[in-house]
Amino acid sequence: MPFFSQARGFRRLWPLVEQNLERVFDNGKFSHGAQVSEWEEALSAYTGARFAIGVNSGTDALILLLRACGLRPGDEVLVPAYSFFATASSVVLAGGTPRFVDIDPVTYAMDPRALAAAITPACRFVMPAHLFHRTADMAAIGAVARDHGLTVVEDSAEAIGMRRQGRHAGLYGAGGVLSFFPSKTLGALGDAGAVLTDDPELARAVGALRHHGRSGPTLDDFPAISTGSSWVGTNSKMDDVQAAVLLARLTTLESDIARRAVLAAHYTERLRGVPGVLRLPRSTARSEDGDRDVFYVYLIEAERRDALVAHLERQGIGTEVYYPVPLPHQPAFARAGHRPGDFPHAERAAGQAVALPLHPDLTIEEADRVCDAVAGFYTPRAQAPSKEGGRLK
């Protein structure tokens, strides 16, 4: 059983994907064309952002967003100590310096109290990351940022569909990003990403930077080589093939999110009380307040995590360890001089957290098999408590 698969769902969507692809071929522009423009409009409508700018990856989205916000060489950007590598590497690639902040042990996101203690005179930006199934505490982080004159940008790469008080992730500060890597809640068939913002000048800058700094309209303008460049940009245009796929997949996004919620609830019911499972995900979203969590992954903390992963692998069950080495302890950031114990919450999560298979194609029977295997590791010859009757197929 793979950790992730989109094969069955993609087959069901293929007629719509094929129809969109035929329009790409008819148009004859395969990058930065009409389908990208259509995708940006659809994404803007879904998220509520005034502007959605398609780019070729979530990582590039972070880099371009930071550059468009005016990041200067030597500027420090406060980032969580526990996140995907691109959260910190994007800062370096944009010309800044990451400054690491420990996480809240409940949300896995940047701890607002630790954030306030980490600020230095060189800090100009704070970039929280929304991880796994819910957003960071943006009200508290925003308050700290205002008190210290920091610009807020969001690594909301995992957060499609997540909302607090009706506002979509990525729209709490200057802007945010989305990743459409295949395993994401809304995944393409390769790399793709987007920047979200309500700021027209920021949108204009990102739109230029993704296309070699060329100013003015360039979407569907082939080859646009006569357009002048106002910035030193890069080649981060979105492919129309990926836009065609994403337009099709957007039609099932809400049902996919609902399916993920059903599977997550089933996991929680089956794994609650299993010895060795130290922590299960919790949701604090209140739908009546416009809140929604979205289960991008189902993350647990477990005793003897690595041995559990090996046990599940022997039974043909794929898992993913998020994230085995905290960012400050990555070799790439060794010059910062951080030592074990500097980020205790991030280090604990790195040693105990593991994600179980979770995607819309997963069946309840497959989820039960995962739960039985986890319970069998901690209580040999026993199974986790199972709910009889009324099971979803």
# chains A, B, ... in the order shown; residues from 1 in each chain; ligands from 1
call {"tool": "residues_around", "arguments": {"residues": "Val294 (chain A)", "least_positions_apart": "4", "cutoff": "7 Å", "atoms": "only C-alpha atoms", "output": "ChimeraX atom specification"}}
result
/A:133-134,161-162,257
call {"tool": "write_last_selection", "arguments": {"atoms": "N, CA and C atoms", "output": "compact mmCIF listing (two decimals), in the first residue's frame"}}
result
# COMPACT_ATOMS: atom_id res chain seq x y z
N HIS A 133 -2.52 19.88 8.88
CA HIS A 133 -3.97 19.96 8.72
C HIS A 133 -4.59 21.27 9.20
N ARG A 134 -3.78 22.19 9.74
CA ARG A 134 -4.38 23.45 10.15
C ARG A 134 -3.37 24.58 10.10
N GLY A 161 -7.42 25.20 0.82
CA GLY A 161 -8.70 24.91 1.48
C GLY A 161 -8.75 25.26 2.95
N MET A 162 -7.61 25.48 3.61
CA MET A 162 -7.61 25.81 5.04
C MET A 162 -8.05 27.26 5.23
N ILE A 257 -11.41 16.86 -0.12
CA ILE A 257 -11.17 17.34 1.24
C ILE A 257 -12.12 16.63 2.21
call {"tool": "select_by_dssp", "arguments": {"residues": "region 56-98 of chain A", "states": "strand (DSSP E or B)", "output": "list in words"}}
result
Glu76, Val77, Leu78, Val79, Pro80, Thr97 and Pro98 of chain A
call {"tool": "residues_around", "arguments": {"residues": "region 169-171 of chain A", "least_positions_apart": "6", "cutoff": "6 Å", "atoms": "only C-alpha atoms", "output": "list in words"}}
result
Glu154, Ser156, Met162 and Arg163 of chain A
call {"tool": "closest_residue", "arguments": {"among": "A:Arg210, A:Arg99, A:His148, A:His359", "to": "Leu65 (chain A)", "atoms": "only C-alpha atoms"}}
result
A:Arg210
call {"tool": "residues_around", "arguments": {"residues": "Leu115 (chain A)", "least_positions_apart": "2", "cutoff": "10 Å", "atoms": "only C-alpha atoms", "output": "list in words"}}
result
Leu78, Val79, Pro80, Arg99, Phe100, Val101, Asp102, Ile103, Met110, Asp111, Pro112, Arg113, Ala117, Ala118, Ile119, Val126, Pro128, Ala140, Ile141, Val144 and Ala145 of chain A
call {"tool": "write_last_selection", "arguments": {"atoms": "C-alpha atoms", "output": "mmCIF file, in the first residue's frame"}}
result
data_model
loop_
_atom_site.group_PDB
_atom_site.id
_atom_site.type_symbol
_atom_site.label_atom_id
_atom_site.label_comp_id
_atom_site.auth_asym_id
_atom_site.auth_seq_id
_atom_site.Cartn_x
_atom_site.Cartn_y
_atom_site.Cartn_z
ATOM 1 C CA LEU A 78 12.038 34.397 10.926
ATOM 2 C CA VAL A 79 11.043 30.857 9.949
ATOM 3 C CA PRO A 80 9.936 27.783 11.919
ATOM 4 C CA ARG A 99 16.444 32.948 11.645
ATOM 5 C CA PHE A 100 14.887 29.903 13.250
ATOM 6 C CA VAL A 101 12.030 29.850 15.757
ATOM 7 C CA ASP A 102 10.816 26.860 17.777
ATOM 8 C CA ILE A 103 7.339 25.508 17.168
ATOM 9 C CA MET A 110 5.763 28.712 14.709
ATOM 10 C CA ASP A 111 5.277 29.475 18.409
ATOM 11 C CA PRO A 112 4.297 33.163 18.765
ATOM 12 C CA ARG A 113 6.055 33.400 22.154
ATOM 13 C CA ALA A 117 12.033 36.176 21.804
ATOM 14 C CA ALA A 118 13.910 35.475 18.536
ATOM 15 C CA ILE A 119 13.596 38.911 16.921
ATOM 16 C CA VAL A 126 8.346 36.583 9.482
ATOM 17 C CA PRO A 128 5.165 31.013 9.373
ATOM 18 C CA ALA A 140 -0.900 35.989 17.570
ATOM 19 C CA ILE A 141 1.888 35.947 14.969
ATOM 20 C CA VAL A 144 3.973 40.205 17.212
ATOM 21 C CA ALA A 145 4.781 41.255 13.652
#
call {"tool": "atom_distance", "arguments": {"atom1": "CA of Lys237 (chain A)", "atom2": "CA of Gly54 (chain A)"}}
result
7.1 Å
call {"tool": "atom_distance", "arguments": {"atom1": "CA of Ala159 (chain A)", "atom2": "CA of Gln242 (chain A)"}}
result
18.9 Å
call {"tool": "closest_residue", "arguments": {"among": "A:Gly233, A:Gly96, A:Gly341, A:Gly58", "to": "Asp75 (chain A)", "atoms": "only C-alpha atoms"}}
result
A:Gly96
call {"tool": "residues_around", "arguments": {"residues": "region 360-373 of chain A", "least_positions_apart": "4", "cutoff": "8 Å", "atoms": "only C-alpha atoms", "output": "count of residues only"}}
result
25
call {"tool": "closest_atom_pairs", "arguments": {"of": "region 20-89 of chain A", "to": "region 319-334 of chain A", "cutoff": "12 Å", "atoms": "only C-alpha atoms", "output": "Markdown table"}}
result
| residue | atom | partner | partner_atom | distance |
| --- | --- | --- | --- | --- |
| A:Leu78 | CA | A:Pro328 | CA | 11.9 |
| A:Val79 | CA | A:Leu327 | CA | 9.4 |
| A:Pro80 | CA | A:Leu327 | CA | 8.1 |
| A:Ala81 | CA | A:Leu327 | CA | 5.2 |
| A:Tyr82 | CA | A:Pro326 | CA | 5.2 |
| A:Ser83 | CA | A:Tyr323 | CA | 6.7 |
| A:Phe84 | CA | A:Tyr323 | CA | 7.0 |
| A:Phe85 | CA | A:Leu327 | CA | 6.6 |
| A:Ala86 | CA | A:Leu327 | CA | 9.7 |
| A:Thr87 | CA | A:Leu327 | CA | 8.8 |
| A:Ala88 | CA | A:Leu327 | CA | 7.3 |
| A:Ser89 | CA | A:Ala332 | CA | 8.8 |
call {"tool": "residues_around", "arguments": {"residues": "region 38-52 of chain A", "least_positions_apart": "6", "cutoff": "12 Å", "atoms": "only C-alpha atoms", "output": "short mmCIF file (atom, residue, chain, number, x, y, z; two decimals) with all heavy atoms, in the first residue's frame"}}
result
data_model
loop_
_atom_site.label_atom_id
_atom_site.label_comp_id
_atom_site.auth_asym_id
_atom_site.auth_seq_id
_atom_site.Cartn_x
_atom_site.Cartn_y
_atom_site.Cartn_z
N ASN A 20 -9.37 19.39 -21.49
CA ASN A 20 -8.56 20.58 -21.24
C ASN A 20 -7.26 20.55 -22.03
O ASN A 20 -6.80 21.57 -22.54
CB ASN A 20 -8.26 20.70 -19.74
CG ASN A 20 -9.48 21.07 -18.92
OD1 ASN A 20 -10.50 21.48 -19.46
ND2 ASN A 20 -9.37 20.92 -17.61
N ARG A 23 -7.60 21.61 -25.58
CA ARG A 23 -7.62 23.06 -25.73
C ARG A 23 -6.21 23.64 -25.71
O ARG A 23 -5.92 24.62 -26.40
CB ARG A 23 -8.49 23.70 -24.65
CG ARG A 23 -9.98 23.40 -24.83
CD ARG A 23 -10.83 24.32 -23.99
NE ARG A 23 -10.75 23.99 -22.58
CZ ARG A 23 -10.57 24.86 -21.60
NH1 ARG A 23 -10.40 26.14 -21.88
NH2 ARG A 23 -10.53 24.46 -20.34
N VAL A 24 -5.32 23.05 -24.90
CA VAL A 24 -3.93 23.48 -24.89
C VAL A 24 -3.30 23.25 -26.27
O VAL A 24 -2.65 24.13 -26.84
CB VAL A 24 -3.12 22.73 -23.81
CG1 VAL A 24 -1.64 23.08 -23.91
CG2 VAL A 24 -3.65 23.07 -22.42
N HIS A 32 2.68 29.28 -19.93
CA HIS A 32 2.32 30.68 -19.71
C HIS A 32 1.22 31.13 -20.68
O HIS A 32 1.21 32.27 -21.14
CB HIS A 32 3.57 31.55 -19.90
CG HIS A 32 3.56 32.83 -19.11
ND1 HIS A 32 3.44 32.87 -17.74
CD2 HIS A 32 3.68 34.12 -19.51
CE1 HIS A 32 3.49 34.12 -17.33
NE2 HIS A 32 3.62 34.90 -18.39
N ALA A 61 7.62 29.94 -5.80
CA ALA A 61 6.62 30.88 -5.31
C ALA A 61 7.13 31.61 -4.07
O ALA A 61 6.97 32.83 -3.94
CB ALA A 61 5.31 30.15 -5.00
N LEU A 65 7.96 35.57 -4.03
CA LEU A 65 7.19 36.37 -3.09
C LEU A 65 8.12 37.20 -2.20
O LEU A 65 7.89 38.40 -2.00
CB LEU A 65 6.30 35.46 -2.24
CG LEU A 65 5.50 36.14 -1.11
CD1 LEU A 65 4.57 37.21 -1.67
CD2 LEU A 65 4.71 35.10 -0.33
N ALA A 159 -1.55 24.29 2.30
CA ALA A 159 -2.77 24.74 2.97
C ALA A 159 -3.95 25.04 2.07
O ALA A 159 -4.86 25.76 2.48
CB ALA A 159 -2.44 25.98 3.82
N ILE A 160 -4.00 24.48 0.86
CA ILE A 160 -5.17 24.72 0.02
C ILE A 160 -6.45 24.30 0.76
O ILE A 160 -6.51 23.22 1.34
CB ILE A 160 -5.07 23.97 -1.33
CG1 ILE A 160 -6.22 24.35 -2.27
CG2 ILE A 160 -4.99 22.47 -1.12
CD1 ILE A 160 -6.07 25.67 -2.92
N GLY A 161 -7.42 25.20 0.82
CA GLY A 161 -8.70 24.91 1.48
C GLY A 161 -8.75 25.26 2.95
O GLY A 161 -9.85 25.34 3.52
N MET A 162 -7.61 25.48 3.61
CA MET A 162 -7.61 25.81 5.04
C MET A 162 -8.05 27.26 5.23
O MET A 162 -7.59 28.16 4.51
CB MET A 162 -6.21 25.63 5.64
CG MET A 162 -5.71 24.21 5.64
SD MET A 162 -4.10 24.09 6.50
CE MET A 162 -3.60 22.44 6.00
N ARG A 163 -8.93 27.47 6.20
CA ARG A 163 -9.45 28.81 6.45
C ARG A 163 -9.59 29.06 7.95
O ARG A 163 -9.82 28.13 8.73
CB ARG A 163 -10.82 29.00 5.79
CG ARG A 163 -10.81 28.85 4.27
CD ARG A 163 -12.20 28.99 3.67
NE ARG A 163 -12.19 28.66 2.25
CZ ARG A 163 -11.98 29.55 1.27
NH1 ARG A 163 -11.79 30.82 1.59
NH2 ARG A 163 -11.97 29.17 0.00
N GLY A 166 -13.15 32.44 7.84
CA GLY A 166 -13.50 32.65 6.44
C GLY A 166 -12.36 33.07 5.55
O GLY A 166 -12.54 33.11 4.32
N ARG A 167 -11.21 33.36 6.10
CA ARG A 167 -10.08 33.81 5.29
C ARG A 167 -9.19 32.63 4.94
O ARG A 167 -8.80 31.85 5.81
CB ARG A 167 -9.28 34.88 6.03
CG ARG A 167 -8.09 35.43 5.24
CD ARG A 167 -7.37 36.52 5.99
NE ARG A 167 -8.22 37.69 6.19
CZ ARG A 167 -7.83 38.80 6.81
NH1 ARG A 167 -6.61 38.87 7.31
NH2 ARG A 167 -8.66 39.80 6.96
N HIS A 168 -8.84 32.52 3.67
CA HIS A 168 -8.02 31.41 3.21
C HIS A 168 -6.57 31.61 3.64
O HIS A 168 -6.06 32.73 3.68
CB HIS A 168 -8.10 31.29 1.69
CG HIS A 168 -7.58 30.00 1.15
ND1 HIS A 168 -6.24 29.73 0.99
CD2 HIS A 168 -8.23 28.87 0.75
CE1 HIS A 168 -6.08 28.52 0.51
NE2 HIS A 168 -7.27 27.97 0.35
N ALA A 169 -5.90 30.51 3.95
CA ALA A 169 -4.48 30.56 4.28
C ALA A 169 -3.71 31.24 3.15
O ALA A 169 -3.99 31.05 1.98
CB ALA A 169 -3.95 29.15 4.49
N GLY A 170 -2.71 32.03 3.55
CA GLY A 170 -1.91 32.77 2.59
C GLY A 170 -2.34 34.21 2.41
O GLY A 170 -1.66 34.99 1.74
N LEU A 171 -3.46 34.60 3.06
CA LEU A 171 -4.00 35.93 2.88
C LEU A 171 -4.06 36.71 4.18
O LEU A 171 -4.86 37.64 4.32
CB LEU A 171 -5.40 35.85 2.24
CG LEU A 171 -5.43 35.23 0.85
CD1 LEU A 171 -6.86 35.04 0.38
CD2 LEU A 171 -4.64 36.07 -0.14
N TYR A 172 -3.20 36.36 5.13
CA TYR A 172 -3.18 37.07 6.42
C TYR A 172 -2.16 38.20 6.43
O TYR A 172 -2.25 39.09 7.27
CB TYR A 172 -2.88 36.10 7.55
CG TYR A 172 -3.95 35.06 7.76
CD1 TYR A 172 -3.86 33.81 7.16
CD2 TYR A 172 -5.07 35.33 8.53
CE1 TYR A 172 -4.84 32.86 7.32
CE2 TYR A 172 -6.07 34.39 8.71
CZ TYR A 172 -5.94 33.15 8.10
OH TYR A 172 -6.93 32.21 8.26
N GLY A 173 -1.18 38.14 5.55
CA GLY A 173 -0.15 39.16 5.50
C GLY A 173 -0.01 39.72 4.10
O GLY A 173 -1.00 39.92 3.38
N ALA A 174 1.24 39.97 3.69
CA ALA A 174 1.47 40.51 2.35
C ALA A 174 1.07 39.52 1.27
O ALA A 174 0.57 39.91 0.21
CB ALA A 174 2.95 40.88 2.20
N GLY A 175 1.29 38.24 1.53
CA GLY A 175 0.93 37.21 0.56
C GLY A 175 1.35 35.84 1.05
O GLY A 175 1.99 35.70 2.10
N GLY A 176 0.96 34.84 0.30
CA GLY A 176 1.30 33.47 0.65
C GLY A 176 1.50 32.66 -0.63
O GLY A 176 1.42 33.19 -1.74
N VAL A 177 1.75 31.37 -0.46
CA VAL A 177 2.02 30.52 -1.62
C VAL A 177 1.21 29.23 -1.51
O VAL A 177 0.73 28.86 -0.43
CB VAL A 177 3.51 30.16 -1.73
CG1 VAL A 177 4.38 31.41 -1.69
CG2 VAL A 177 3.95 29.18 -0.64
N LEU A 178 1.08 28.56 -2.64
CA LEU A 178 0.53 27.22 -2.69
C LEU A 178 1.45 26.35 -3.52
O LEU A 178 2.05 26.81 -4.49
CB LEU A 178 -0.87 27.21 -3.31
CG LEU A 178 -1.98 27.90 -2.51
CD1 LEU A 178 -3.25 28.02 -3.35
CD2 LEU A 178 -2.26 27.16 -1.22
N PHE A 180 1.48 22.72 -5.73
CA PHE A 180 0.64 21.71 -6.37
C PHE A 180 1.46 20.48 -6.74
O PHE A 180 1.16 19.79 -7.72
CB PHE A 180 -0.05 22.30 -7.60
CG PHE A 180 -0.79 23.58 -7.30
CD1 PHE A 180 -0.39 24.78 -7.87
CD2 PHE A 180 -1.86 23.59 -6.42
CE1 PHE A 180 -1.05 25.96 -7.58
CE2 PHE A 180 -2.53 24.77 -6.11
CZ PHE A 180 -2.12 25.96 -6.70
N LEU A 186 -4.31 19.34 -3.50
CA LEU A 186 -4.62 19.61 -4.90
C LEU A 186 -3.31 19.47 -5.67
O LEU A 186 -2.46 20.35 -5.61
CB LEU A 186 -5.20 21.02 -5.07
CG LEU A 186 -5.57 21.42 -6.49
CD1 LEU A 186 -6.66 20.52 -7.05
CD2 LEU A 186 -6.03 22.88 -6.54
N ALA A 192 4.29 22.50 -9.76
CA ALA A 192 3.56 23.73 -10.07
C ALA A 192 3.28 24.43 -8.75
O ALA A 192 3.25 23.80 -7.69
CB ALA A 192 2.25 23.44 -10.81
N GLY A 193 3.09 25.74 -8.80
CA GLY A 193 2.82 26.50 -7.59
C GLY A 193 2.12 27.78 -7.91
O GLY A 193 1.83 28.09 -9.08
N ALA A 194 1.83 28.58 -6.87
CA ALA A 194 1.16 29.86 -7.06
C ALA A 194 1.47 30.78 -5.90
O ALA A 194 1.74 30.33 -4.78
CB ALA A 194 -0.35 29.67 -7.19
N VAL A 195 1.41 32.06 -6.18
CA VAL A 195 1.47 33.10 -5.16
C VAL A 195 0.07 33.69 -5.02
O VAL A 195 -0.59 33.97 -6.04
CB VAL A 195 2.48 34.21 -5.52
CG1 VAL A 195 2.39 35.37 -4.53
CG2 VAL A 195 3.89 33.65 -5.55
N LEU A 196 -0.38 33.86 -3.78
CA LEU A 196 -1.66 34.50 -3.49
C LEU A 196 -1.40 35.85 -2.83
O LEU A 196 -0.56 35.95 -1.93
CB LEU A 196 -2.50 33.65 -2.54
CG LEU A 196 -2.82 32.22 -2.94
CD1 LEU A 196 -3.62 31.54 -1.83
CD2 LEU A 196 -3.59 32.18 -4.25
N THR A 197 -2.12 36.87 -3.24
CA THR A 197 -2.00 38.18 -2.59
C THR A 197 -3.21 39.03 -2.93
O THR A 197 -3.87 38.82 -3.95
CB THR A 197 -0.71 38.90 -3.02
OG1 THR A 197 -0.57 40.12 -2.28
CG2 THR A 197 -0.70 39.20 -4.51
N ASP A 198 -3.47 40.00 -2.08
CA ASP A 198 -4.49 41.00 -2.36
C ASP A 198 -3.87 42.32 -2.82
O ASP A 198 -4.59 43.28 -3.10
CB ASP A 198 -5.34 41.25 -1.11
CG ASP A 198 -6.26 40.09 -0.78
OD1 ASP A 198 -6.64 39.35 -1.71
OD2 ASP A 198 -6.59 39.91 0.41
N ASP A 199 -2.55 42.38 -2.88
CA ASP A 199 -1.81 43.60 -3.18
C ASP A 199 -1.51 43.67 -4.69
O ASP A 199 -0.74 42.86 -5.21
CB ASP A 199 -0.51 43.62 -2.38
CG ASP A 199 0.28 44.90 -2.57
OD1 ASP A 199 0.12 45.58 -3.59
OD2 ASP A 199 1.10 45.22 -1.68
N PRO A 200 -2.08 44.63 -5.41
CA PRO A 200 -1.86 44.68 -6.87
C PRO A 200 -0.40 44.92 -7.26
O PRO A 200 0.06 44.37 -8.27
CB PRO A 200 -2.76 45.83 -7.34
CG PRO A 200 -3.05 46.64 -6.11
CD PRO A 200 -3.01 45.69 -4.96
N GLU A 201 0.33 45.73 -6.50
CA GLU A 201 1.73 45.98 -6.84
C GLU A 201 2.58 44.74 -6.60
O GLU A 201 3.49 44.43 -7.39
CB GLU A 201 2.27 47.16 -6.02
CG GLU A 201 1.72 48.49 -6.46
CD GLU A 201 1.98 48.76 -7.95
OE1 GLU A 201 3.14 48.60 -8.40
OE2 GLU A 201 1.01 49.09 -8.67
N LEU A 202 2.28 44.02 -5.54
CA LEU A 202 3.00 42.78 -5.27
C LEU A 202 2.70 41.75 -6.36
O LEU A 202 3.61 41.05 -6.84
CB LEU A 202 2.60 42.24 -3.89
CG LEU A 202 3.37 41.02 -3.38
CD1 LEU A 202 4.86 41.30 -3.28
CD2 LEU A 202 2.82 40.60 -2.02
N ALA A 203 1.45 41.67 -6.76
CA ALA A 203 1.07 40.74 -7.83
C ALA A 203 1.79 41.10 -9.13
O ALA A 203 2.26 40.21 -9.86
CB ALA A 203 -0.44 40.76 -8.03
N ARG A 204 1.87 42.38 -9.43
CA ARG A 204 2.55 42.82 -10.65
C ARG A 204 4.03 42.43 -10.61
O ARG A 204 4.59 41.96 -11.61
CB ARG A 204 2.40 44.33 -10.81
CG ARG A 204 2.98 44.87 -12.12
CD ARG A 204 2.65 46.35 -12.26
NE ARG A 204 3.40 47.15 -11.30
CZ ARG A 204 4.60 47.68 -11.54
NH1 ARG A 204 5.19 47.47 -12.72
NH2 ARG A 204 5.21 48.40 -10.64
N ALA A 205 4.66 42.60 -9.44
CA ALA A 205 6.08 42.27 -9.32
C ALA A 205 6.32 40.77 -9.48
O ALA A 205 7.24 40.35 -10.19
CB ALA A 205 6.62 42.76 -7.98
N VAL A 206 5.50 39.96 -8.82
CA VAL A 206 5.65 38.50 -8.94
C VAL A 206 5.41 38.08 -10.38
O VAL A 206 6.14 37.24 -10.94
CB VAL A 206 4.69 37.77 -7.99
CG1 VAL A 206 4.69 36.26 -8.27
CG2 VAL A 206 5.07 38.04 -6.54
N GLY A 207 4.38 38.66 -11.01
CA GLY A 207 4.08 38.32 -12.39
C GLY A 207 5.23 38.62 -13.33
O GLY A 207 5.46 37.90 -14.31
N LEU A 219 1.03 36.80 -20.34
CA LEU A 219 0.29 35.55 -20.45
C LEU A 219 -0.29 35.40 -21.86
O LEU A 219 -0.92 36.32 -22.40
CB LEU A 219 -0.86 35.51 -19.43
CG LEU A 219 -0.51 34.99 -18.04
CD1 LEU A 219 -1.67 35.23 -17.09
CD2 LEU A 219 -0.16 33.52 -18.08
N ASP A 220 -0.05 34.25 -22.45
CA ASP A 220 -0.56 33.90 -23.77
C ASP A 220 -0.03 34.84 -24.86
O ASP A 220 -0.64 34.97 -25.92
CB ASP A 220 -2.09 33.87 -23.80
CG ASP A 220 -2.62 32.87 -24.83
OD1 ASP A 220 -1.93 31.86 -25.08
OD2 ASP A 220 -3.70 33.11 -25.40
N MET A 238 4.40 28.86 -15.35
CA MET A 238 3.65 27.62 -15.20
C MET A 238 3.35 27.02 -16.56
O MET A 238 3.02 27.73 -17.51
CB MET A 238 2.34 27.86 -14.44
CG MET A 238 1.48 26.61 -14.31
SD MET A 238 -0.11 26.89 -13.47
CE MET A 238 0.40 26.70 -11.77
N ASP A 239 3.47 25.69 -16.67
CA ASP A 239 3.12 24.99 -17.90
C ASP A 239 1.60 24.88 -18.03
O ASP A 239 0.90 24.60 -17.06
CB ASP A 239 3.72 23.59 -17.91
CG ASP A 239 5.22 23.60 -18.05
OD1 ASP A 239 5.77 24.61 -18.53
OD2 ASP A 239 5.86 22.60 -17.67
N ASP A 240 1.11 25.06 -19.23
CA ASP A 240 -0.33 24.94 -19.47
C ASP A 240 -0.83 23.51 -19.27
O ASP A 240 -2.00 23.30 -18.92
CB ASP A 240 -0.67 25.42 -20.88
CG ASP A 240 -0.78 26.93 -20.95
OD1 ASP A 240 0.20 27.61 -20.59
OD2 ASP A 240 -1.85 27.44 -21.32
N VAL A 241 0.03 22.53 -19.48
CA VAL A 241 -0.37 21.14 -19.22
C VAL A 241 -0.73 20.97 -17.75
O VAL A 241 -1.74 20.33 -17.41
CB VAL A 241 0.75 20.17 -19.64
CG1 VAL A 241 0.47 18.76 -19.11
CG2 VAL A 241 0.91 20.15 -21.15
N GLN A 242 0.07 21.55 -16.85
CA GLN A 242 -0.25 21.45 -15.42
C GLN A 242 -1.50 22.25 -15.08
O GLN A 242 -2.32 21.81 -14.26
CB GLN A 242 0.95 21.92 -14.58
CG GLN A 242 2.23 21.15 -14.79
CD GLN A 242 2.08 19.66 -14.53
OE1 GLN A 242 1.10 19.20 -13.93
NE2 GLN A 242 3.05 18.87 -14.99
N ALA A 243 -1.66 23.41 -15.71
CA ALA A 243 -2.88 24.18 -15.49
C ALA A 243 -4.11 23.41 -15.94
O ALA A 243 -5.16 23.44 -15.27
CB ALA A 243 -2.79 25.52 -16.22
N ALA A 244 -4.00 22.69 -17.05
CA ALA A 244 -5.12 21.88 -17.54
C ALA A 244 -5.49 20.80 -16.54
O ALA A 244 -6.68 20.54 -16.29
CB ALA A 244 -4.75 21.27 -18.89
N VAL A 245 -4.48 20.15 -15.97
CA VAL A 245 -4.72 19.11 -14.96
C VAL A 245 -5.35 19.72 -13.71
O VAL A 245 -6.33 19.19 -13.15
CB VAL A 245 -3.41 18.39 -14.62
CG1 VAL A 245 -3.60 17.46 -13.42
CG2 VAL A 245 -2.89 17.61 -15.82
N LEU A 246 -4.82 20.84 -13.27
CA LEU A 246 -5.33 21.46 -12.04
C LEU A 246 -6.76 21.96 -12.20
O LEU A 246 -7.56 21.88 -11.26
CB LEU A 246 -4.40 22.61 -11.62
CG LEU A 246 -3.03 22.17 -11.10
CD1 LEU A 246 -2.08 23.36 -11.01
CD2 LEU A 246 -3.16 21.49 -9.74
N LEU A 247 -7.10 22.47 -13.37
CA LEU A 247 -8.48 22.90 -13.60
C LEU A 247 -9.44 21.72 -13.47
O LEU A 247 -10.55 21.85 -12.93
CB LEU A 247 -8.61 23.53 -14.99
CG LEU A 247 -8.13 24.98 -15.11
CD1 LEU A 247 -7.95 25.36 -16.57
CD2 LEU A 247 -9.11 25.92 -14.41
N ALA A 248 -9.01 20.55 -13.94
CA ALA A 248 -9.85 19.36 -13.80
C ALA A 248 -9.93 18.91 -12.35
O ALA A 248 -11.01 18.60 -11.83
CB ALA A 248 -9.30 18.24 -14.68
N ARG A 249 -8.80 18.90 -11.67
CA ARG A 249 -8.77 18.41 -10.29
C ARG A 249 -9.50 19.36 -9.34
O ARG A 249 -9.99 18.93 -8.29
CB ARG A 249 -7.33 18.18 -9.85
CG ARG A 249 -6.65 17.04 -10.61
CD ARG A 249 -5.30 16.70 -10.02
NE ARG A 249 -5.46 16.11 -8.69
CZ ARG A 249 -5.60 14.81 -8.47
NH1 ARG A 249 -5.64 13.96 -9.48
NH2 ARG A 249 -5.73 14.35 -7.25
N LEU A 250 -9.56 20.64 -9.69
CA LEU A 250 -10.28 21.59 -8.84
C LEU A 250 -11.75 21.22 -8.73
O LEU A 250 -12.40 21.51 -7.71
CB LEU A 250 -10.12 23.01 -9.41
CG LEU A 250 -10.71 24.15 -8.57
CD1 LEU A 250 -10.01 24.25 -7.21
CD2 LEU A 250 -10.59 25.47 -9.32
N THR A 251 -12.30 20.56 -9.74
CA THR A 251 -13.72 20.20 -9.72
C THR A 251 -14.03 19.18 -8.64
O THR A 251 -15.20 19.04 -8.24
CB THR A 251 -14.18 19.65 -11.09
OG1 THR A 251 -13.49 18.43 -11.36
CG2 THR A 251 -13.91 20.65 -12.20
N LEU A 253 -12.04 19.00 -5.72
CA LEU A 253 -11.28 19.36 -4.52
C LEU A 253 -12.13 19.28 -3.25
O LEU A 253 -11.69 18.73 -2.23
CB LEU A 253 -10.69 20.77 -4.67
CG LEU A 253 -9.93 21.31 -3.44
CD1 LEU A 253 -8.76 20.40 -3.08
CD2 LEU A 253 -9.46 22.74 -3.70
N GLU A 254 -13.33 19.81 -3.29
CA GLU A 254 -14.16 19.81 -2.08
C GLU A 254 -14.53 18.39 -1.66
O GLU A 254 -14.50 18.06 -0.47
CB GLU A 254 -15.40 20.66 -2.30
CG GLU A 254 -15.12 22.15 -2.32
CD GLU A 254 -14.51 22.64 -1.01
OE1 GLU A 254 -15.15 22.47 0.05
OE2 GLU A 254 -13.39 23.17 -1.04
#
call {"tool": "closest_atom_pairs", "arguments": {"of": "region 108-190 of chain A", "to": "region 296-305 of chain A", "cutoff": "7 Å", "atoms": "only C-alpha atoms", "output": "Markdown table"}}
result
| residue | atom | partner | partner_atom | distance |
| --- | --- | --- | --- | --- |
| A:Phe132 | CA | A:Val297 | CA | 5.3 |
| A:His133 | CA | A:Tyr296 | CA | 5.7 |
| A:Glu158 | CA | A:Tyr296 | CA | 6.7 |
| A:Lys184 | CA | A:Tyr296 | CA | 6.6 |
| A:Thr185 | CA | A:Tyr296 | CA | 5.5 |
call {"tool": "atom_distance", "arguments": {"atom1": "CA of Gly376 (chain A)", "atom2": "CA of Leu308 (chain A)"}}
result
10.0 Å
